[in-house]
file work35.cif (mmCIF, C-alpha atoms)
data_data
#
loop_
_atom_site.group_PDB
_atom_site.id
_atom_site.type_symbol
_atom_site.label_atom_id
_atom_site.label_comp_id
_atom_site.auth_asym_id
_atom_site.auth_seq_id
_atom_site.Cartn_x
_atom_site.Cartn_y
_atom_site.Cartn_z
ATOM 1 C CA MET A 1 28.551 -27.096 -24.331
ATOM 2 C CA ASN A 2 27.805 -30.410 -22.623
ATOM 3 C CA HIS A 3 27.382 -28.574 -19.316
ATOM 4 C CA LEU A 4 24.848 -26.223 -20.933
ATOM 5 C CA LYS A 5 22.907 -29.137 -22.419
ATOM 6 C CA GLU A 6 22.805 -30.823 -19.022
ATOM 7 C CA GLU A 7 21.439 -27.645 -17.402
ATOM 8 C CA LEU A 8 18.751 -27.349 -20.075
ATOM 9 C CA ARG A 9 17.830 -30.989 -19.587
ATOM 10 C CA GLN A 10 17.495 -30.464 -15.828
ATOM 11 C CA ILE A 11 15.315 -27.386 -16.397
ATOM 12 C CA ARG A 12 13.014 -29.351 -18.722
ATOM 13 C CA TRP A 13 12.731 -32.203 -16.228
ATOM 14 C CA GLY A 14 12.058 -29.731 -13.425
ATOM 15 C CA LYS A 15 9.237 -28.115 -15.403
ATOM 16 C CA PHE A 16 7.773 -31.517 -16.281
ATOM 17 C CA LEU A 17 7.821 -32.667 -12.655
ATOM 18 C CA LYS A 18 6.159 -29.407 -11.584
ATOM 19 C CA TYR A 19 3.527 -29.890 -14.294
ATOM 20 C CA LEU A 20 2.934 -33.470 -13.163
ATOM 21 C CA ALA A 21 2.677 -32.474 -9.485
ATOM 22 C CA ILE A 22 0.080 -29.767 -10.217
ATOM 23 C CA VAL A 23 -2.031 -32.098 -12.380
ATOM 24 C CA VAL A 24 -1.961 -34.805 -9.690
ATOM 25 C CA ALA A 25 -2.782 -32.312 -6.917
ATOM 26 C CA GLY A 26 -5.631 -30.793 -8.937
ATOM 27 C CA ASN A 27 -7.245 -34.158 -9.608
ATOM 28 C CA LEU A 28 -6.737 -35.194 -5.978
ATOM 29 C CA ILE A 29 -8.593 -32.080 -4.767
ATOM 30 C CA ALA A 30 -11.373 -32.314 -7.350
ATOM 31 C CA SER A 31 -12.019 -35.989 -6.599
ATOM 32 C CA ALA A 32 -12.118 -35.179 -2.867
ATOM 33 C CA ALA A 33 -14.923 -32.704 -3.558
ATOM 34 C CA SER A 34 -17.010 -35.467 -5.119
ATOM 35 C CA ALA A 35 -16.154 -38.297 -2.718
ATOM 36 C CA LEU A 36 -16.222 -36.347 0.559
ATOM 37 C CA PHE A 37 -19.024 -33.834 0.068
ATOM 38 C CA ILE A 38 -21.181 -34.225 -3.043
ATOM 39 C CA LEU A 39 -21.830 -37.962 -3.345
ATOM 40 C CA PRO A 40 -22.326 -38.842 0.367
ATOM 41 C CA ASN A 41 -24.954 -36.077 0.674
ATOM 42 C CA ASN A 42 -26.824 -37.303 -2.428
ATOM 43 C CA LEU A 43 -26.129 -34.050 -4.257
ATOM 44 C CA ILE A 44 -25.714 -33.821 -8.002
ATOM 45 C CA MET A 45 -23.331 -32.021 -10.330
ATOM 46 C CA GLY A 46 -22.325 -31.795 -13.969
ATOM 47 C CA GLY A 47 -19.648 -33.635 -15.905
ATOM 48 C CA THR A 48 -19.078 -37.366 -16.011
ATOM 49 C CA THR A 49 -19.592 -37.455 -12.238
ATOM 50 C CA GLY A 50 -23.160 -36.282 -12.827
ATOM 51 C CA ILE A 51 -23.622 -38.993 -15.454
ATOM 52 C CA GLY A 52 -22.288 -41.534 -12.952
ATOM 53 C CA ILE A 53 -24.762 -40.340 -10.294
ATOM 54 C CA PHE A 54 -27.612 -40.658 -12.804
ATOM 55 C CA VAL A 55 -26.671 -44.214 -13.837
ATOM 56 C CA GLU A 56 -25.965 -45.293 -10.233
ATOM 57 C CA HIS A 57 -29.559 -44.411 -9.323
ATOM 58 C CA PHE A 58 -30.761 -47.374 -11.408
ATOM 59 C CA LEU A 59 -28.193 -49.781 -9.956
ATOM 60 C CA SER A 60 -28.066 -51.353 -6.517
ATOM 61 C CA GLY A 61 -24.943 -51.450 -4.423
ATOM 62 C CA GLU A 62 -23.659 -50.857 -0.939
ATOM 63 C CA ASN A 63 -20.940 -48.382 -1.926
ATOM 64 C CA SER A 64 -22.453 -45.814 -4.259
ATOM 65 C CA SER A 65 -19.230 -43.773 -4.445
ATOM 66 C CA MET A 66 -17.323 -46.783 -5.795
ATOM 67 C CA ILE A 67 -20.023 -47.411 -8.415
ATOM 68 C CA VAL A 68 -19.960 -43.774 -9.513
ATOM 69 C CA SER A 69 -16.153 -43.761 -9.805
ATOM 70 C CA GLY A 70 -16.314 -46.865 -12.025
ATOM 71 C CA ILE A 71 -18.930 -45.255 -14.290
ATOM 72 C CA VAL A 72 -16.869 -42.057 -14.447
ATOM 73 C CA LEU A 73 -13.814 -44.069 -15.529
ATOM 74 C CA ILE A 74 -15.760 -45.806 -18.314
ATOM 75 C CA ALA A 75 -17.270 -42.509 -19.518
ATOM 76 C CA ASN A 76 -13.872 -40.776 -19.413
ATOM 77 C CA VAL A 77 -12.222 -43.516 -21.462
ATOM 78 C CA ILE A 78 -14.984 -43.406 -24.103
ATOM 79 C CA LEU A 79 -14.821 -39.604 -24.387
ATOM 80 C CA TYR A 80 -11.022 -39.741 -24.413
ATOM 81 C CA LEU A 81 -10.971 -42.144 -27.367
ATOM 82 C CA ILE A 82 -13.426 -39.918 -29.238
ATOM 83 C CA GLY A 83 -11.209 -36.926 -28.502
ATOM 84 C CA VAL A 84 -8.072 -38.705 -29.707
ATOM 85 C CA PHE A 85 -9.807 -39.578 -32.980
ATOM 86 C CA LEU A 86 -11.199 -36.077 -33.614
ATOM 87 C CA LEU A 87 -8.660 -33.774 -31.942
ATOM 88 C CA GLY A 88 -5.318 -35.478 -32.563
ATOM 89 C CA LYS A 89 -2.240 -36.708 -30.685
ATOM 90 C CA LYS A 90 -1.402 -33.417 -28.946
ATOM 91 C CA PHE A 91 -4.788 -33.490 -27.230
ATOM 92 C CA ALA A 92 -4.236 -37.143 -26.298
ATOM 93 C CA PHE A 93 -1.092 -36.501 -24.254
ATOM 94 C CA ALA A 94 -2.472 -33.409 -22.480
ATOM 95 C CA THR A 95 -5.664 -35.197 -21.402
ATOM 96 C CA LEU A 96 -4.417 -38.713 -20.630
ATOM 97 C CA LEU A 97 -3.496 -38.002 -16.999
ATOM 98 C CA GLY A 98 -6.807 -36.381 -16.079
ATOM 99 C CA THR A 99 -8.823 -39.099 -17.759
ATOM 100 C CA PHE A 100 -7.517 -41.747 -15.365
ATOM 101 C CA LEU A 101 -6.395 -39.817 -12.276
ATOM 102 C CA TYR A 102 -9.771 -38.316 -11.334
ATOM 103 C CA PRO A 103 -11.801 -41.567 -11.232
ATOM 104 C CA SER A 104 -8.850 -43.419 -9.682
ATOM 105 C CA PHE A 105 -8.666 -40.947 -6.808
ATOM 106 C CA MET A 106 -12.439 -41.137 -6.379
ATOM 107 C CA GLY A 107 -12.146 -44.900 -6.063
ATOM 108 C CA MET A 108 -9.323 -44.487 -3.532
ATOM 109 C CA TYR A 109 -11.412 -42.172 -1.340
ATOM 110 C CA SER A 110 -14.382 -44.513 -1.587
ATOM 111 C CA ALA A 111 -12.314 -47.566 -0.661
ATOM 112 C CA ILE A 112 -10.962 -45.785 2.425
ATOM 113 C CA LEU A 113 -14.035 -43.881 3.629
ATOM 114 C CA GLY A 114 -16.973 -45.606 1.981
ATOM 115 C CA ASP A 115 -20.008 -43.278 1.931
ATOM 116 C CA ARG A 116 -18.939 -41.313 4.995
ATOM 117 C CA THR A 117 -18.980 -37.524 4.682
ATOM 118 C CA LEU A 118 -17.371 -34.644 6.521
ATOM 119 C CA THR A 119 -20.722 -32.896 6.978
ATOM 120 C CA ASP A 120 -24.401 -33.800 6.847
ATOM 121 C CA ASN A 121 -25.445 -30.233 6.067
ATOM 122 C CA PRO A 122 -26.361 -30.124 2.343
ATOM 123 C CA VAL A 123 -25.740 -26.378 2.019
ATOM 124 C CA LEU A 124 -22.276 -26.675 3.587
ATOM 125 C CA ALA A 125 -21.549 -29.733 1.447
ATOM 126 C CA MET A 126 -22.687 -27.828 -1.672
ATOM 127 C CA ILE A 127 -20.376 -24.898 -0.907
ATOM 128 C CA CYS A 128 -17.366 -26.984 0.117
ATOM 129 C CA GLY A 129 -17.823 -29.394 -2.778
ATOM 130 C CA GLY A 130 -18.197 -26.595 -5.326
ATOM 131 C CA VAL A 131 -15.190 -24.667 -4.045
ATOM 132 C CA LEU A 132 -12.914 -27.733 -3.863
ATOM 133 C CA MET A 133 -14.017 -28.845 -7.322
ATOM 134 C CA GLY A 134 -13.232 -25.389 -8.713
ATOM 135 C CA VAL A 135 -9.825 -25.277 -7.030
ATOM 136 C CA GLY A 136 -8.897 -28.730 -8.324
ATOM 137 C CA ILE A 137 -9.998 -28.138 -11.918
ATOM 138 C CA GLY A 138 -8.551 -24.604 -11.835
ATOM 139 C CA LEU A 139 -5.102 -25.945 -10.947
ATOM 140 C CA VAL A 140 -5.251 -28.431 -13.810
ATOM 141 C CA VAL A 141 -6.459 -25.810 -16.296
ATOM 142 C CA ARG A 142 -3.757 -23.406 -15.109
ATOM 143 C CA VAL A 143 -0.959 -25.626 -16.479
ATOM 144 C CA GLY A 144 -2.807 -26.239 -19.741
ATOM 145 C CA ALA A 145 -4.006 -29.751 -18.939
ATOM 146 C CA SER A 146 -7.517 -31.170 -18.817
ATOM 147 C CA THR A 147 -9.467 -33.341 -16.429
ATOM 148 C CA GLY A 148 -10.925 -35.189 -19.387
ATOM 149 C CA GLY A 149 -14.560 -36.299 -19.339
ATOM 150 C CA THR A 150 -17.085 -33.697 -20.468
ATOM 151 C CA ASP A 151 -14.277 -31.175 -21.063
ATOM 152 C CA ILE A 152 -13.786 -32.981 -24.379
ATOM 153 C CA PRO A 153 -17.110 -32.399 -26.251
ATOM 154 C CA PRO A 154 -16.815 -28.577 -25.943
ATOM 155 C CA LEU A 155 -13.359 -28.798 -27.550
ATOM 156 C CA ILE A 156 -14.841 -30.827 -30.403
ATOM 157 C CA PHE A 157 -17.733 -28.368 -30.863
ATOM 158 C CA HIS A 158 -15.259 -25.494 -30.881
ATOM 159 C CA LYS A 159 -13.072 -27.127 -33.530
ATOM 160 C CA PHE A 160 -15.841 -28.099 -35.946
ATOM 161 C CA PHE A 161 -18.596 -25.535 -35.254
ATOM 162 C CA GLY A 162 -16.756 -22.569 -33.722
ATOM 163 C CA LEU A 163 -18.765 -22.710 -30.476
ATOM 164 C CA PRO A 164 -16.811 -21.094 -27.577
ATOM 165 C CA VAL A 165 -15.440 -23.706 -25.174
ATOM 166 C CA SER A 166 -16.875 -21.950 -22.102
ATOM 167 C CA VAL A 167 -20.354 -21.923 -23.635
ATOM 168 C CA GLY A 168 -20.086 -25.597 -24.540
ATOM 169 C CA MET A 169 -19.054 -26.526 -20.983
ATOM 170 C CA TRP A 170 -21.969 -24.600 -19.476
ATOM 171 C CA ILE A 171 -24.443 -26.249 -21.854
ATOM 172 C CA ILE A 172 -23.163 -29.773 -21.130
ATOM 173 C CA ASP A 173 -22.846 -29.384 -17.354
ATOM 174 C CA LEU A 174 -26.300 -27.840 -16.954
ATOM 175 C CA SER A 175 -27.765 -30.466 -19.298
ATOM 176 C CA VAL A 176 -26.334 -33.237 -17.092
ATOM 177 C CA VAL A 177 -27.781 -31.526 -14.000
ATOM 178 C CA LEU A 178 -31.213 -31.187 -15.629
ATOM 179 C CA LEU A 179 -31.051 -34.843 -16.706
ATOM 180 C CA GLN A 180 -30.813 -35.795 -13.049
ATOM 181 C CA ALA A 181 -33.918 -33.706 -12.313
ATOM 182 C CA PHE A 182 -35.980 -36.663 -13.570
ATOM 183 C CA ILE A 183 -34.793 -38.838 -10.693
ATOM 184 C CA MET A 184 -34.007 -36.262 -8.007
ATOM 185 C CA PRO A 185 -36.164 -33.802 -6.015
ATOM 186 C CA ILE A 186 -36.278 -30.266 -7.380
ATOM 187 C CA GLU A 187 -34.366 -28.997 -4.328
ATOM 188 C CA THR A 188 -31.490 -31.378 -5.084
ATOM 189 C CA THR A 189 -31.473 -30.220 -8.706
ATOM 190 C CA ILE A 190 -31.161 -26.607 -7.565
ATOM 191 C CA TYR A 191 -28.251 -27.619 -5.327
ATOM 192 C CA GLY A 192 -26.602 -29.220 -8.349
ATOM 193 C CA ALA A 193 -27.050 -26.106 -10.500
ATOM 194 C CA VAL A 194 -25.516 -23.961 -7.735
ATOM 195 C CA ILE A 195 -22.557 -26.353 -7.477
ATOM 196 C CA VAL A 196 -21.938 -25.903 -11.215
ATOM 197 C CA VAL A 197 -22.038 -22.111 -10.803
ATOM 198 C CA ILE A 198 -19.712 -22.188 -7.777
ATOM 199 C CA TYR A 199 -17.001 -24.315 -9.346
ATOM 200 C CA SER A 200 -17.218 -22.401 -12.635
ATOM 201 C CA VAL A 201 -16.574 -19.115 -10.798
ATOM 202 C CA VAL A 202 -13.760 -20.613 -8.716
ATOM 203 C CA ILE A 203 -12.092 -22.049 -11.840
ATOM 204 C CA ASP A 204 -12.013 -18.560 -13.379
ATOM 205 C CA LYS A 205 -10.392 -17.225 -10.198
ATOM 206 C CA VAL A 206 -7.884 -20.015 -9.557
ATOM 207 C CA SER A 207 -6.576 -20.751 -13.054
ATOM 208 C CA PRO A 208 -4.834 -17.361 -13.555
ATOM 209 C CA ILE A 209 -3.494 -17.042 -9.954
ATOM 210 C CA GLY A 210 0.172 -16.084 -10.049
ATOM 211 C CA LEU A 211 -0.110 -14.911 -13.657
ATOM 212 C CA LYS A 212 -1.887 -11.597 -13.031
ATOM 213 C CA LYS A 213 0.453 -8.641 -12.727
ATOM 214 C CA MET A 214 0.280 -4.855 -12.643
ATOM 215 C CA GLN A 215 1.080 -2.835 -15.747
ATOM 216 C CA VAL A 216 2.127 0.711 -14.871
ATOM 217 C CA LYS A 217 2.403 3.715 -17.184
ATOM 218 C CA ILE A 218 4.203 6.799 -15.909
ATOM 219 C CA VAL A 219 4.290 10.246 -17.511
ATOM 220 C CA SER A 220 6.813 12.580 -15.925
ATOM 221 C CA LYS A 221 9.354 15.244 -16.879
ATOM 222 C CA LYS A 222 11.772 13.392 -14.582
ATOM 223 C CA TYR A 223 11.456 10.210 -16.578
ATOM 224 C CA ARG A 224 15.223 9.655 -16.619
ATOM 225 C CA GLU A 225 15.415 9.439 -12.819
ATOM 226 C CA ILE A 226 12.327 7.231 -12.673
ATOM 227 C CA ARG A 227 13.725 4.951 -15.345
ATOM 228 C CA GLU A 228 16.973 4.617 -13.384
ATOM 229 C CA MET A 229 15.005 3.758 -10.252
ATOM 230 C CA ILE A 230 12.966 1.024 -11.971
ATOM 231 C CA LEU A 231 16.038 -0.547 -13.548
ATOM 232 C CA ASN A 232 18.399 -0.298 -10.574
ATOM 233 C CA LYS A 233 16.250 -0.358 -7.424
ATOM 234 C CA LEU A 234 13.370 -2.609 -8.530
ATOM 235 C CA ASN A 235 15.493 -4.574 -11.013
ATOM 236 C CA ARG A 236 12.561 -4.562 -13.440
ATOM 237 C CA GLY A 237 12.519 -3.936 -17.147
ATOM 238 C CA VAL A 238 11.058 -0.730 -18.513
ATOM 239 C CA THR A 239 9.948 0.341 -21.972
ATOM 240 C CA GLN A 240 10.160 3.988 -23.001
ATOM 241 C CA LEU A 241 7.338 5.204 -25.209
ATOM 242 C CA PHE A 242 7.198 8.557 -26.973
ATOM 243 C CA GLY A 243 3.926 10.445 -26.994
ATOM 244 C CA GLU A 244 2.341 13.849 -27.331
ATOM 245 C CA THR A 245 0.117 15.724 -24.920
ATOM 246 C CA GLY A 246 -3.425 16.182 -26.131
ATOM 247 C CA PHE A 247 -3.915 19.882 -25.323
ATOM 248 C CA LEU A 248 -0.555 21.629 -25.777
ATOM 249 C CA LYS A 249 0.762 19.122 -28.335
ATOM 250 C CA GLU A 250 4.042 18.833 -26.439
ATOM 251 C CA ARG A 251 6.244 15.777 -26.744
ATOM 252 C CA CYS A 252 6.346 13.614 -23.641
ATOM 253 C CA ASN A 253 7.966 10.400 -22.493
ATOM 254 C CA VAL A 254 5.897 7.513 -21.152
ATOM 255 C CA LEU A 255 7.508 4.736 -19.124
ATOM 256 C CA LEU A 256 5.878 1.309 -19.258
ATOM 257 C CA THR A 257 6.726 -1.432 -16.765
ATOM 258 C CA VAL A 258 5.139 -4.561 -15.309
ATOM 259 C CA VAL A 259 5.487 -5.403 -11.610
ATOM 260 C CA SER A 260 3.947 -7.719 -9.029
ATOM 261 C CA ASN A 261 1.329 -6.578 -6.516
ATOM 262 C CA ARG A 262 3.974 -6.402 -3.801
ATOM 263 C CA GLU A 263 6.343 -4.332 -5.950
ATOM 264 C CA LEU A 264 3.574 -1.915 -6.953
ATOM 265 C CA VAL A 265 3.481 -0.181 -3.555
ATOM 266 C CA ARG A 266 7.238 0.392 -3.589
ATOM 267 C CA LEU A 267 7.123 1.627 -7.192
ATOM 268 C CA LYS A 268 4.441 4.216 -6.404
ATOM 269 C CA ASP A 269 6.324 5.426 -3.334
ATOM 270 C CA GLU A 270 9.577 5.810 -5.246
ATOM 271 C CA VAL A 271 7.871 7.654 -8.127
ATOM 272 C CA GLN A 272 6.259 10.083 -5.692
ATOM 273 C CA LYS A 273 9.652 10.781 -4.087
ATOM 274 C CA ILE A 274 11.190 11.607 -7.459
ATOM 275 C CA ASP A 275 8.267 13.567 -8.929
ATOM 276 C CA PRO A 276 5.151 14.291 -6.831
ATOM 277 C CA GLU A 277 3.423 15.583 -9.985
ATOM 278 C CA ALA A 278 4.020 12.420 -12.020
ATOM 279 C CA PHE A 279 0.968 11.032 -13.827
ATOM 280 C CA LEU A 280 0.683 7.311 -13.113
ATOM 281 C CA THR A 281 -1.872 4.715 -14.193
ATOM 282 C CA VAL A 282 -2.121 1.087 -13.059
ATOM 283 C CA SER A 283 -3.824 -1.687 -15.018
ATOM 284 C CA VAL A 284 -4.278 -5.361 -14.163
ATOM 285 C CA VAL A 285 -2.958 -7.655 -16.884
ATOM 286 C CA THR A 286 -4.331 -11.186 -16.790
ATOM 287 C CA GLU A 287 -1.116 -12.916 -17.826
ATOM 288 C CA VAL A 288 2.559 -12.065 -18.138
ATOM 289 C CA ARG A 289 5.097 -14.260 -19.897
ATOM 290 C CA GLY A 290 8.787 -13.632 -20.305
ATOM 291 C CA ARG A 291 12.023 -12.974 -18.478
ATOM 292 C CA GLY A 292 11.507 -12.215 -14.795
ATOM 293 C CA PHE A 293 8.004 -13.729 -14.674
ATOM 294 C CA SER A 294 7.498 -17.034 -16.492
ATOM 295 C CA ARG A 295 11.271 -17.312 -17.031
ATOM 296 C CA ASP A 296 14.113 -16.839 -14.558
ATOM 297 C CA LYS A 297 15.092 -13.248 -13.811
ATOM 298 C CA ILE A 298 18.595 -12.193 -14.791
ATOM 299 C CA ALA A 299 20.730 -9.608 -13.009
ATOM 300 C CA LEU A 300 20.556 -6.392 -15.006
ATOM 301 C CA PRO A 301 23.691 -4.228 -15.313
ATOM 302 C CA LYS A 302 23.501 -0.662 -14.089
ATOM 303 C CA SER A 303 21.533 1.441 -16.543
ATOM 304 C CA GLU A 304 24.464 3.856 -16.991
ATOM 305 C CA GLU A 305 26.349 1.013 -18.657
ATOM 306 C CA ARG A 306 23.637 0.611 -21.275
ATOM 307 C CA PHE A 307 22.830 2.747 -24.267
ATOM 308 C CA ASP A 308 20.538 5.654 -23.355
ATOM 309 C CA ALA A 309 17.629 5.337 -25.756
ATOM 310 C CA GLU A 310 16.283 8.757 -24.806
ATOM 311 C CA ASP A 311 19.233 10.361 -26.605
ATOM 312 C CA LEU A 312 17.353 9.590 -29.808
ATOM 313 C CA GLU A 313 14.413 11.754 -28.822
ATOM 314 C CA GLU A 314 16.233 14.895 -29.873
ATOM 315 C CA VAL A 315 16.321 13.539 -33.417
ATOM 316 C CA SER A 316 12.979 13.598 -35.164
ATOM 317 C CA PRO A 317 12.188 11.081 -37.958
ATOM 318 C CA SER A 318 12.626 13.812 -40.584
ATOM 319 C CA GLN A 319 15.774 15.402 -39.108
ATOM 320 C CA PRO A 320 18.962 14.723 -41.110
ATOM 321 C CA SER A 321 21.940 13.205 -39.361
ATOM 322 C CA GLU A 322 25.516 14.504 -39.520
ATOM 323 C CA SER A 323 26.140 12.484 -42.650
ATOM 324 C CA GLY A 324 23.243 14.205 -44.365
ATOM 325 C CA LYS A 325 21.127 11.064 -44.543
ATOM 326 C CA GLN A 326 17.618 10.792 -43.164
ATOM 327 C CA VAL A 327 17.345 9.051 -39.814
ATOM 328 C CA PRO A 328 14.927 6.108 -40.224
#
call {"tool": "encode", "arguments": {"input": "work35.cif", "output": "structure tokens"}}
result
Amino acid sequence: MNHLKEELRQIRWGKFLKYLAIVVAGNLIASAASALFILPNNLIMGGTTGIGIFVEHFLSGENSSMIVSGIVLIANVILYLIGVFLLGKKFAFATLLGTFLYPSFMGMYSAILGDRTLTDNPVLAMICGGVLMGVGIGLVVRVGASTGGTDIPPLIFHKFFGLPVSVGMWIIDLSVVLLQAFIMPIETTIYGAVIVVIYSVVIDKVSPIGLKKMQVKIVSKKYREIREMILNKLNRGVTQLFGETGFLKERCNVLLTVVSNRELVRLKDEVQKIDPEAFLTVSVVTEVRGRGFSRDKIALPKSEERFDAEDLEEVSPSQPSESGKQVP
């Protein structure tokens, strides 16, 4: 028992360290987008970074990136305290890291590089900055954390007014960009709006990476052989559904399984070998949780050693059993 508890403790610590590493990496990448591309090229963006750029315009200083990172930190702390008060302790823990990591990394980049940039081309800086920002925030969102800042007001609006979080984020980010239009040329404002669009799209692409899988449904008269193949060759779980054809009203068996992109090709090849006339559909599922995907896979015993569920198909719900009782 003590050995089992120790293993569980190690698993929990391993998951926590992985969570921490992803949050740190995400904030490191997102802050690099601001410090290396957006700020040195005098571009604008949404979020607390956009607020920092707006306020910095009215201040004088040699290192604008350092000033912006300080303003971002102050804004993040204020919004964090508001979030703790209105959203509770669970929110506080999940957002604490992002609230301080992002501006801290911005300050680190600024202290090392000053206002130097990797490119003087504003279009290239806009694209690189938007993509890196999306990748960084997407990684953080993927593990259920938050970068803090202007992510917090949309959560508050959602809780008290039912406004979708995505809509609230778009409204706030574009509002911050338009606010900077009063001090920036119209071309720079357009760049800022495009940056918001780019990182929003990239976030949607990055955050579910590794979670999308392929759901496959197979209709075949040789369903027993196909089921054996999925269980024994692919070592994947399979669910057997019972259906009825639409035209002839004949009973049929439908196999349902979930596989990775790499396993899909092998699955289709094996199905075709067993039954070239098999009817097969493939759907993309946005997230899969459970044994073999979000939890460790276990070695399945050979399917012959398990109870054959299809033996029940010969017994209809209204057919009496040998004891004379109705089968439920």
call {"tool": "resolve_selection", "arguments": {"input": "work35.cif", "expression": "the PyMOL selection byres ((chain A and resi 80) around 9)", "output": "list in words"}}
result
Ala75, Asn76, Val77, Ile78, Leu79, Leu81, Ile82, Gly83, Val84, Phe85, Ala92, Thr95, Leu96, Thr99, Gly148, Gly149 and Ile152 of chain A
call {"tool": "closest_atom_pairs", "arguments": {"input": "work35.cif", "of": "stretch 120-140 of chain A", "to": "stretch 22-38 of chain A", "cutoff": "8 Å", "atoms": "all atoms listed in the file", "output": "Markdown table"}}
result
| residue | atom | partner | partner_atom | distance |
| --- | --- | --- | --- | --- |
| A:Ala125 | CA | A:Phe37 | CA | 5.0 |
| A:Met126 | CA | A:Ile38 | CA | 6.7 |
| A:Cys128 | CA | A:Phe37 | CA | 7.0 |
| A:Gly129 | CA | A:Ala33 | CA | 4.5 |
| A:Gly130 | CA | A:Ala33 | CA | 7.2 |
| A:Leu132 | CA | A:Ala33 | CA | 5.4 |
| A:Met133 | CA | A:Ala30 | CA | 4.4 |
| A:Gly134 | CA | A:Ala30 | CA | 7.3 |
| A:Val135 | CA | A:Gly26 | CA | 7.2 |
| A:Gly136 | CA | A:Gly26 | CA | 3.9 |
| A:Ile137 | CA | A:Gly26 | CA | 5.9 |
| A:Gly138 | CA | A:Gly26 | CA | 7.4 |
| A:Leu139 | CA | A:Gly26 | CA | 5.3 |
| A:Val140 | CA | A:Val23 | CA | 5.1 |
call {"tool": "resolve_selection", "arguments": {"input": "work35.cif", "expression": "the PyMOL selection byres ((chain A and resi 217) around 8)", "output": "PyMOL selection string"}}
result
chain A and resi 215-216+218-219+254-257+280-282
call {"tool": "atom_distance", "arguments": {"input": "work35.cif", "atom1": "atom CA of A:Val206", "atom2": "atom CA of A:Lys268"}}
result
27.4 Å
call {"tool": "atom_distance", "arguments": {"input": "work35.cif", "atom1": "atom CA of A:Gly98", "atom2": "atom CA of A:Ser146"}}
result
5.9 Å
call {"tool": "residues_near_point", "arguments": {"input": "work35.cif", "point": "(-18.5, -46.4, -9.4)", "cutoff": "12 Å", "atoms": "all atoms listed in the file", "output": "PDB file with C-alpha atoms, in the coordinates of the input"}}
result
ATOM      1  CA  SER A  34     -17.010 -35.467  -5.119  1.00  0.00           C
ATOM      2  CA  ALA A  35     -16.154 -38.297  -2.718  1.00  0.00           C
ATOM      3  CA  LEU A  39     -21.830 -37.962  -3.345  1.00  0.00           C
ATOM      4  CA  THR A  48     -19.078 -37.366 -16.011  1.00  0.00           C
ATOM      5  CA  THR A  49     -19.592 -37.455 -12.238  1.00  0.00           C
ATOM      6  CA  GLY A  50     -23.160 -36.282 -12.827  1.00  0.00           C
ATOM      7  CA  ILE A  51     -23.622 -38.993 -15.454  1.00  0.00           C
ATOM      8  CA  GLY A  52     -22.288 -41.534 -12.952  1.00  0.00           C
ATOM      9  CA  ILE A  53     -24.762 -40.340 -10.294  1.00  0.00           C
ATOM     10  CA  PHE A  54     -27.612 -40.658 -12.804  1.00  0.00           C
ATOM     11  CA  VAL A  55     -26.671 -44.214 -13.837  1.00  0.00           C
ATOM     12  CA  GLU A  56     -25.965 -45.293 -10.233  1.00  0.00           C
ATOM     13  CA  HIS A  57     -29.559 -44.411  -9.323  1.00  0.00           C
ATOM     14  CA  LEU A  59     -28.193 -49.781  -9.956  1.00  0.00           C
ATOM     15  CA  SER A  60     -28.066 -51.353  -6.517  1.00  0.00           C
ATOM     16  CA  GLY A  61     -24.943 -51.450  -4.423  1.00  0.00           C
ATOM     17  CA  GLU A  62     -23.659 -50.857  -0.939  1.00  0.00           C
ATOM     18  CA  ASN A  63     -20.940 -48.382  -1.926  1.00  0.00           C
ATOM     19  CA  SER A  64     -22.453 -45.814  -4.259  1.00  0.00           C
ATOM     20  CA  SER A  65     -19.230 -43.773  -4.445  1.00  0.00           C
ATOM     21  CA  MET A  66     -17.323 -46.783  -5.795  1.00  0.00           C
ATOM     22  CA  ILE A  67     -20.023 -47.411  -8.415  1.00  0.00           C
ATOM     23  CA  VAL A  68     -19.960 -43.774  -9.513  1.00  0.00           C
ATOM     24  CA  SER A  69     -16.153 -43.761  -9.805  1.00  0.00           C
ATOM     25  CA  GLY A  70     -16.314 -46.865 -12.025  1.00  0.00           C
ATOM     26  CA  ILE A  71     -18.930 -45.255 -14.290  1.00  0.00           C
ATOM     27  CA  VAL A  72     -16.869 -42.057 -14.447  1.00  0.00           C
ATOM     28  CA  LEU A  73     -13.814 -44.069 -15.529  1.00  0.00           C
ATOM     29  CA  ILE A  74     -15.760 -45.806 -18.314  1.00  0.00           C
ATOM     30  CA  ALA A  75     -17.270 -42.509 -19.518  1.00  0.00           C
ATOM     31  CA  PRO A 103     -11.801 -41.567 -11.232  1.00  0.00           C
ATOM     32  CA  SER A 104      -8.850 -43.419  -9.682  1.00  0.00           C
ATOM     33  CA  PHE A 105      -8.666 -40.947  -6.808  1.00  0.00           C
ATOM     34  CA  MET A 106     -12.439 -41.137  -6.379  1.00  0.00           C
ATOM     35  CA  GLY A 107     -12.146 -44.900  -6.063  1.00  0.00           C
ATOM     36  CA  MET A 108      -9.323 -44.487  -3.532  1.00  0.00           C
ATOM     37  CA  TYR A 109     -11.412 -42.172  -1.340  1.00  0.00           C
ATOM     38  CA  SER A 110     -14.382 -44.513  -1.587  1.00  0.00           C
ATOM     39  CA  ALA A 111     -12.314 -47.566  -0.661  1.00  0.00           C
ATOM     40  CA  GLY A 114     -16.973 -45.606   1.981  1.00  0.00           C
ATOM     41  CA  ASP A 115     -20.008 -43.278   1.931  1.00  0.00           C
TER      42      ASP A 115
END
call {"tool": "atom_distance", "arguments": {"input": "work35.cif", "atom1": "atom CA of A:Phe58", "atom2": "atom CA of A:Arg116"}}
result
21.1 Å
call {"tool": "closest_residue", "arguments": {"input": "work35.cif", "among": "A:Ala21, A:Val271, A:Ile226, A:Val258", "to": "A:Thr286", "atoms": "only C-alpha atoms"}}
result
A:Val258
